[in-house]
Each structure stands twice: as structure tokens, then as C-alpha cells.
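Worksheet: the structure to be examined is printed underneath.
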Amino acid sequence: GEAGRPGPPDSEMPPAARPPLLQEARLLPGHKGSVNVALFNSDGNYCLSGGDDRRILLWNPRREEAAEPIKTYTGHNERVLGLAVAHDNGSFASCGGDRSVFVWDVPSGRVLRRLSGHSQRVNAVAYAGEGSSLLVSASYDTTARCWDMRSRNAAPVQILEGAADSLSAVAVCGAEILTASVDGVLRTYDARAGSRTADTLGAALTHVALSGDGHCALAGSLDGSLRLLDRSNGTLLNRYSGHTNRQFKLGACLSHDDALVLSGSEDGSLYVWDLVEARLQARIPAARGAVTSVACDPRRLEVLTGSH
């Protein structure tokens, strides 16, 4: 993983002399093999990463001493593909190739829950509900499962079906759960109303992220473009391209202030666009392999990337 920080602001300088929008601030070496997911906790003070080495690492990305993980979490039998942090930062969830979802206690490293039920690898997890009372997992088996974090019940409280292919990503906004599928459809399930809407985008979807206000959804796809949709009616608001995405699931997100769209690329760069104009603002070399994970600090323009 890598942590990037903005260059010093100076809007008065001519373009050629302006400092870069983002520059590498720190390298966090610790995984053996690909980093598949990296994200900040809810206040941006710490971050987690998961990789092909089956481990999850906890970091302080701004620690000035040697960049070493604070803690290592082991328990998965296959590669780690997804992570989500509970709102209080006291626990987090992980998923991966072993078809299991783990819930961990951050300080002790204990596994609080192991949730089984998916028949194929689990690609993504996301917390929902007040106090992170619900956990949603999205799988290659085409289903998303909802787990009650307040109950000891081993079975999911709900199974969300309807996709014709693998679910690659999941995002949550209030009572609504969004899933991105390789079948090219972005689905929204309303848990309260019991309804489902579908936006067919055509290309295989590999990622979904939400704007801070929850009004827009950003969908990544294998046609090498990102689409910004109005969630209220499915209208395509903007499209962002220039990066390479033909083969892998790549991370993408909006900046903390919803002003920028950021995405990984198979060419090893981090791409940054202006949200409104869809102009490419920066292409920043970030890795030798594909940049598979991109996360933005929730409070400031600092970006975490993970790569192959």
C-alpha cells in the first residue's frame, strides 16, 4: 500500500510550476504478494490492508518511524479480498477466497464471528444500519447476504438475489444496499420497502462507491470507464476514462469533499478527474503492477492505494 498527500496549495503559480496534486508520502511494505484491498478507518487515523498472503495489516500511515504494521490479523485460509470497518472503529470485517466472512476485534485481534453460507469466494463486505448493526457480504455466487451483528444467529437475516453473475462490490446508503455485478447491472435493494431497482450499464461492473451525500453512485467497469449515476433516477451524470481496466477489479472512490474522482489503473497509475467536468487532473505513477485499491481519507485529500 502507499499513502499519498497533496502538494502544498498555490493557485497563483503558473501551471508548469504548480506542485503535483498528490505526491507519494509513504510506502507501507508488509504484504507478500498482491494487496487486494486497503482502506482508512472512519476517522482516517489508521488504515487496514488485505492481500494474497491471507493476512490483514493495521497501519498508522502517518507514523514517522519505520513503516511497520501495528498489528497483523491471521485466520483466512485463502487470499483476503474485502474489508470494512465498523463505525466505532472497534471492530472490522474481512472476506476472501475461503468463502468466509470474519468479524475481528481491533485491539485484541480476536475473531468475534465467522460467518459461513456463501458457496463461492466473497468479494466485498460493507457495514449498514445504525451502529454498524448489519453486515452485508457480496459473493461470486451471485448473492449478497445480510448478517445481524447484534444477534448470535449463524444464518443471514436476508439473502439478496437477482444477479446473473458474480457480485464484485457492495455499498450501503441508509436502508439501501447497492451491488455491482459482472452481469453489467447495478442493483439497489431497499431493505425497508422490500424493493429492488436495477440500472443496466452494459459492461461488466467491478466496483461501486457512493458520494458523501449519498446522492450519486460511481460504478467502475471492464470497458475502461467509470460512470457517475444519479441514484434517484439512474441518470448518467458523467463518465470518466483514460485509465486502463480490462482485466482486474480496480478500486475507485470520490474524494472527501466529492470534488474529485479517483481510480486505480492496470498501468500502475492513480488517475484523478474533476468530478463535474470529468477532466483528467492527474495521472500519478503508484506501482509496478495494477493499482487495485484506492481509498480516500474521510477528512482530507490523502489517498491510500494498494497494488499487485
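Please note that chains go A, B, ... in the order of the C-alpha cells, that every chain numbers its residues from 1, and that ligands are numbered from 1 in the order shown.
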
- Skipping near chain neighbours, those fewer than 4 positions away, what residues fall within 12 Å of Arg150 of chain A using only C-alpha atoms, listed as a PyMOL selection string? chain A and resi 112-113+129-135+154+157

Using 12 Å as the limit and counting only C-alpha atoms, can you tabulate each residue of segment 20-103 of chain A that touches segment 257-272 of chain A, with its shortest atom-to-atom distance in Å and the two atoms involved, as a Markdown table?
| residue | atom | partner | partner_atom | distance |
| --- | --- | --- | --- | --- |
| A:Pro20 | CA | A:Val272 | CA | 11.5 |
| A:Leu21 | CA | A:Val272 | CA | 8.9 |
| A:Leu22 | CA | A:Val272 | CA | 9.4 |
| A:Gln23 | CA | A:Leu270 | CA | 10.6 |
| A:Glu24 | CA | A:Leu270 | CA | 10.9 |
| A:Asn36 | CA | A:Gly264 | CA | 11.7 |
| A:Val37 | CA | A:Gly264 | CA | 11.6 |

Any chance you could export the current selection's N, CA, C and O atoms as a PDB file, in the first residue's frame?
ATOM      1  N   PRO A  20       2.569  19.030  -7.694  1.00  0.00           N
ATOM      2  CA  PRO A  20       1.605  17.998  -8.102  1.00  0.00           C
ATOM      3  C   PRO A  20       0.401  17.969  -7.163  1.00  0.00           C
ATOM      4  O   PRO A  20       0.491  18.330  -5.989  1.00  0.00           O
ATOM      5  N   LEU A  21      -0.735  17.536  -7.719  1.00  0.00           N
ATOM      6  CA  LEU A  21      -1.966  17.424  -6.939  1.00  0.00           C
ATOM      7  C   LEU A  21      -1.768  16.475  -5.755  1.00  0.00           C
ATOM      8  O   LEU A  21      -2.209  16.745  -4.637  1.00  0.00           O
ATOM      9  N   LEU A  22      -1.105  15.367  -6.016  1.00  0.00           N
ATOM     10  CA  LEU A  22      -0.773  14.395  -4.976  1.00  0.00           C
ATOM     11  C   LEU A  22       0.641  13.921  -5.212  1.00  0.00           C
ATOM     12  O   LEU A  22       1.078  13.784  -6.354  1.00  0.00           O
ATOM     13  N   GLN A  23       1.352  13.637  -4.141  1.00  0.00           N
ATOM     14  CA  GLN A  23       2.677  13.046  -4.283  1.00  0.00           C
ATOM     15  C   GLN A  23       2.843  11.965  -3.214  1.00  0.00           C
ATOM     16  O   GLN A  23       2.209  12.026  -2.163  1.00  0.00           O
ATOM     17  N   GLU A  24       3.675  10.969  -3.516  1.00  0.00           N
ATOM     18  CA  GLU A  24       3.834   9.858  -2.581  1.00  0.00           C
ATOM     19  C   GLU A  24       4.431  10.354  -1.266  1.00  0.00           C
ATOM     20  O   GLU A  24       5.450  11.035  -1.241  1.00  0.00           O
ATOM     21  N   ASN A  36      -4.916  -6.564  -2.183  1.00  0.00           N
ATOM     22  CA  ASN A  36      -6.204  -6.542  -2.882  1.00  0.00           C
ATOM     23  C   ASN A  36      -7.150  -5.468  -2.377  1.00  0.00           C
ATOM     24  O   ASN A  36      -8.050  -5.044  -3.092  1.00  0.00           O
ATOM     25  N   VAL A  37      -6.939  -5.038  -1.131  1.00  0.00           N
ATOM     26  CA  VAL A  37      -7.833  -4.037  -0.554  1.00  0.00           C
ATOM     27  C   VAL A  37      -7.071  -3.245   0.500  1.00  0.00           C
ATOM     28  O   VAL A  37      -6.257  -3.788   1.243  1.00  0.00           O
TER      29      VAL A  37
END

Could you give me, as a JSON list (two decimals) with C-alpha atoms, in the first residue's frame, the residues within 8 Å of Asn60 of chain A, counting only C-alpha atoms and dropping anything in the same chain fewer than 4 positions from it?
[["chain", "number", "residue", "atom", "x", "y", "z"],
["A", 45, "ASN", "CA", -6.23, 7.95, 11.64],
["A", 46, "TYR", "CA", -5.47, 4.32, 10.82],
["A", 47, "CYS", "CA", -5.74, 2.05, 7.81],
["A", 69, "PRO", "CA", 2.27, -2.64, 10.72],
["A", 70, "ILE", "CA", 0.89, -2.09, 14.21]]

- Task: Have a look at A:Leu280, A:Ala144, A:Ala67, A:Val291 and name the one nearest to Arg26 of chain A; count only C-alpha atoms.
- Result: A:Ala67

Find the nearest atom pair between each residue of segment 129-169 of chain A and segment 200-218 of chain A for residues within 12 Å, count only C-alpha atoms, give distances in Å to one decimal, sort rows by chain and ascending number, and present the table as a tab-separated table.
residue	atom	partner	partner_atom	distance
A:Ala138	CA	A:His207	CA	11.4
A:Tyr140	CA	A:Thr206	CA	11.6
A:Ala163	CA	A:Thr200	CA	11.3
A:Ala164	CA	A:Ala204	CA	11.3
A:Asp165	CA	A:Ala204	CA	9.4
A:Ser166	CA	A:Leu205	CA	9.5
A:Leu167	CA	A:Thr206	CA	8.2
A:Ser168	CA	A:Thr206	CA	5.2
A:Ala169	CA	A:His207	CA	5.1

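Residue nearest Tyr189 of chain A, chosen from A:Val136, A:Tyr240, A:Tyr73, A:Ala278 and counting only C-alpha atoms: A:Val136.
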
- List every residue of segment 225-303 of chain A that DSSP, applied to the backbone, labels as strand (DSSP E or B), and write the result as a VMD selection string. chain A and resid 225 to 230 236 to 241 252 to 254 260 to 263 269 to 274 280 to 285 291 to 296 303

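For the pair atom CA of Ser116 of chain A and atom CA of Leu81 of chain A, the interatomic distance is 15.7 Å.
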
- Message: When you look at segment 50-52 of chain A with a cut-off of 8 Å (counting only C-alpha atoms), what residues show up, excluding the ones that are within fewer than 6 positions of it in the same chain? I need them as a list in words.
- Response: His31, Lys32, Gly33, Ser34, Val35, Asn36, Val37, Ala38, Glu78, Arg79, Val80, Leu81, Gly82 and Leu83 of chain A

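The coordinates place atom CA of Leu178 of chain A at 19.3 Å from atom CA of Gly96 of chain A.
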
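Computed from the coordinates, the atom CA of Ser195 of chain A to atom CA of His87 of chain A distance equals 26.0 Å.
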
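Take the candidates A:Ala295, A:Val125, A:Cys95, A:Leu39 and check each one against Val170 of chain A using only C-alpha atoms; the shortest distance goes to A:Val125.
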
- Query: Which polymer residues have any atom within 6 Å of an atom of Ser139 of chain A, counting only C-alpha atoms, with same-chain residues fewer than 4 positions away left out, as a list in words?
  - Reply: Arg121, Val122, Asn123, Thr143 and Leu167 of chain A

Please produce an output containing N, CA, C and O atoms for each residue in the selection, written as a PDB file, in the first residue's frame.
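The resulting file, selection-v2.pdb, is reproduced below:
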ATOM      1  N   ARG A 121     -16.229 -17.634  -3.498  1.00  0.00           N
ATOM      2  CA  ARG A 121     -15.442 -16.596  -2.821  1.00  0.00           C
ATOM      3  C   ARG A 121     -16.293 -15.355  -2.546  1.00  0.00           C
ATOM      4  O   ARG A 121     -17.233 -15.043  -3.287  1.00  0.00           O
ATOM      5  N   VAL A 122     -15.943 -14.662  -1.466  1.00  0.00           N
ATOM      6  CA  VAL A 122     -16.658 -13.447  -1.090  1.00  0.00           C
ATOM      7  C   VAL A 122     -15.789 -12.262  -1.482  1.00  0.00           C
ATOM      8  O   VAL A 122     -14.653 -12.125  -1.018  1.00  0.00           O
ATOM      9  N   ASN A 123     -16.327 -11.401  -2.359  1.00  0.00           N
ATOM     10  CA  ASN A 123     -15.517 -10.327  -2.958  1.00  0.00           C
ATOM     11  C   ASN A 123     -15.511  -9.025  -2.176  1.00  0.00           C
ATOM     12  O   ASN A 123     -14.578  -8.227  -2.300  1.00  0.00           O
ATOM     13  N   THR A 143     -24.987 -13.824  -4.938  1.00  0.00           N
ATOM     14  CA  THR A 143     -25.853 -13.320  -3.877  1.00  0.00           C
ATOM     15  C   THR A 143     -25.104 -12.351  -2.960  1.00  0.00           C
ATOM     16  O   THR A 143     -23.883 -12.393  -2.838  1.00  0.00           O
ATOM     17  N   LEU A 167     -21.137 -11.005  -7.958  1.00  0.00           N
ATOM     18  CA  LEU A 167     -21.193  -9.671  -7.368  1.00  0.00           C
ATOM     19  C   LEU A 167     -19.766  -9.264  -7.009  1.00  0.00           C
ATOM     20  O   LEU A 167     -19.088  -9.954  -6.236  1.00  0.00           O
TER      21      LEU A 167
END

Can you pull out the residues contacting Pro107 of chain A? Cut-off 10 Å, using only C-alpha atoms, and skip same-chain residues under 4 positions away; I want them as an mmCIF file with C-alpha atoms, in the first residue's frame.
data_model
loop_
_atom_site.group_PDB
_atom_site.id
_atom_site.type_symbol
_atom_site.label_atom_id
_atom_site.label_comp_id
_atom_site.auth_asym_id
_atom_site.auth_seq_id
_atom_site.Cartn_x
_atom_site.Cartn_y
_atom_site.Cartn_z
ATOM 1 C CA LYS A 71 -0.911 -5.440 14.190
ATOM 2 C CA ASN A 89 -13.539 1.602 14.740
ATOM 3 C CA GLY A 90 -13.574 -1.119 17.408
ATOM 4 C CA SER A 91 -14.152 -3.978 15.000
#

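Neighbours of Ala93 of chain A closer than or equal to 6 Å, with only C-alpha atoms counted and sequence neighbours fewer than 6 positions away skipped, come out as Leu83, Ala84, Phe102 and Val103 of chain A.
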
How would the residues just picked look written out with N, CA and C atoms as a compact mmCIF listing (two decimals), in the first residue's frame?
# COMPACT_ATOMS: atom_id res chain seq x y z
N LEU A 83 -12.57 -5.67 2.87
CA LEU A 83 -12.52 -5.21 4.25
C LEU A 83 -13.58 -4.13 4.46
N ALA A 84 -14.07 -4.03 5.69
CA ALA A 84 -14.97 -2.94 6.08
C ALA A 84 -14.76 -2.69 7.56
N PHE A 102 -15.17 -12.87 8.24
CA PHE A 102 -14.71 -12.80 9.63
C PHE A 102 -15.03 -11.41 10.19
N VAL A 103 -15.39 -11.37 11.47
CA VAL A 103 -15.51 -10.11 12.19
C VAL A 103 -14.46 -10.13 13.30
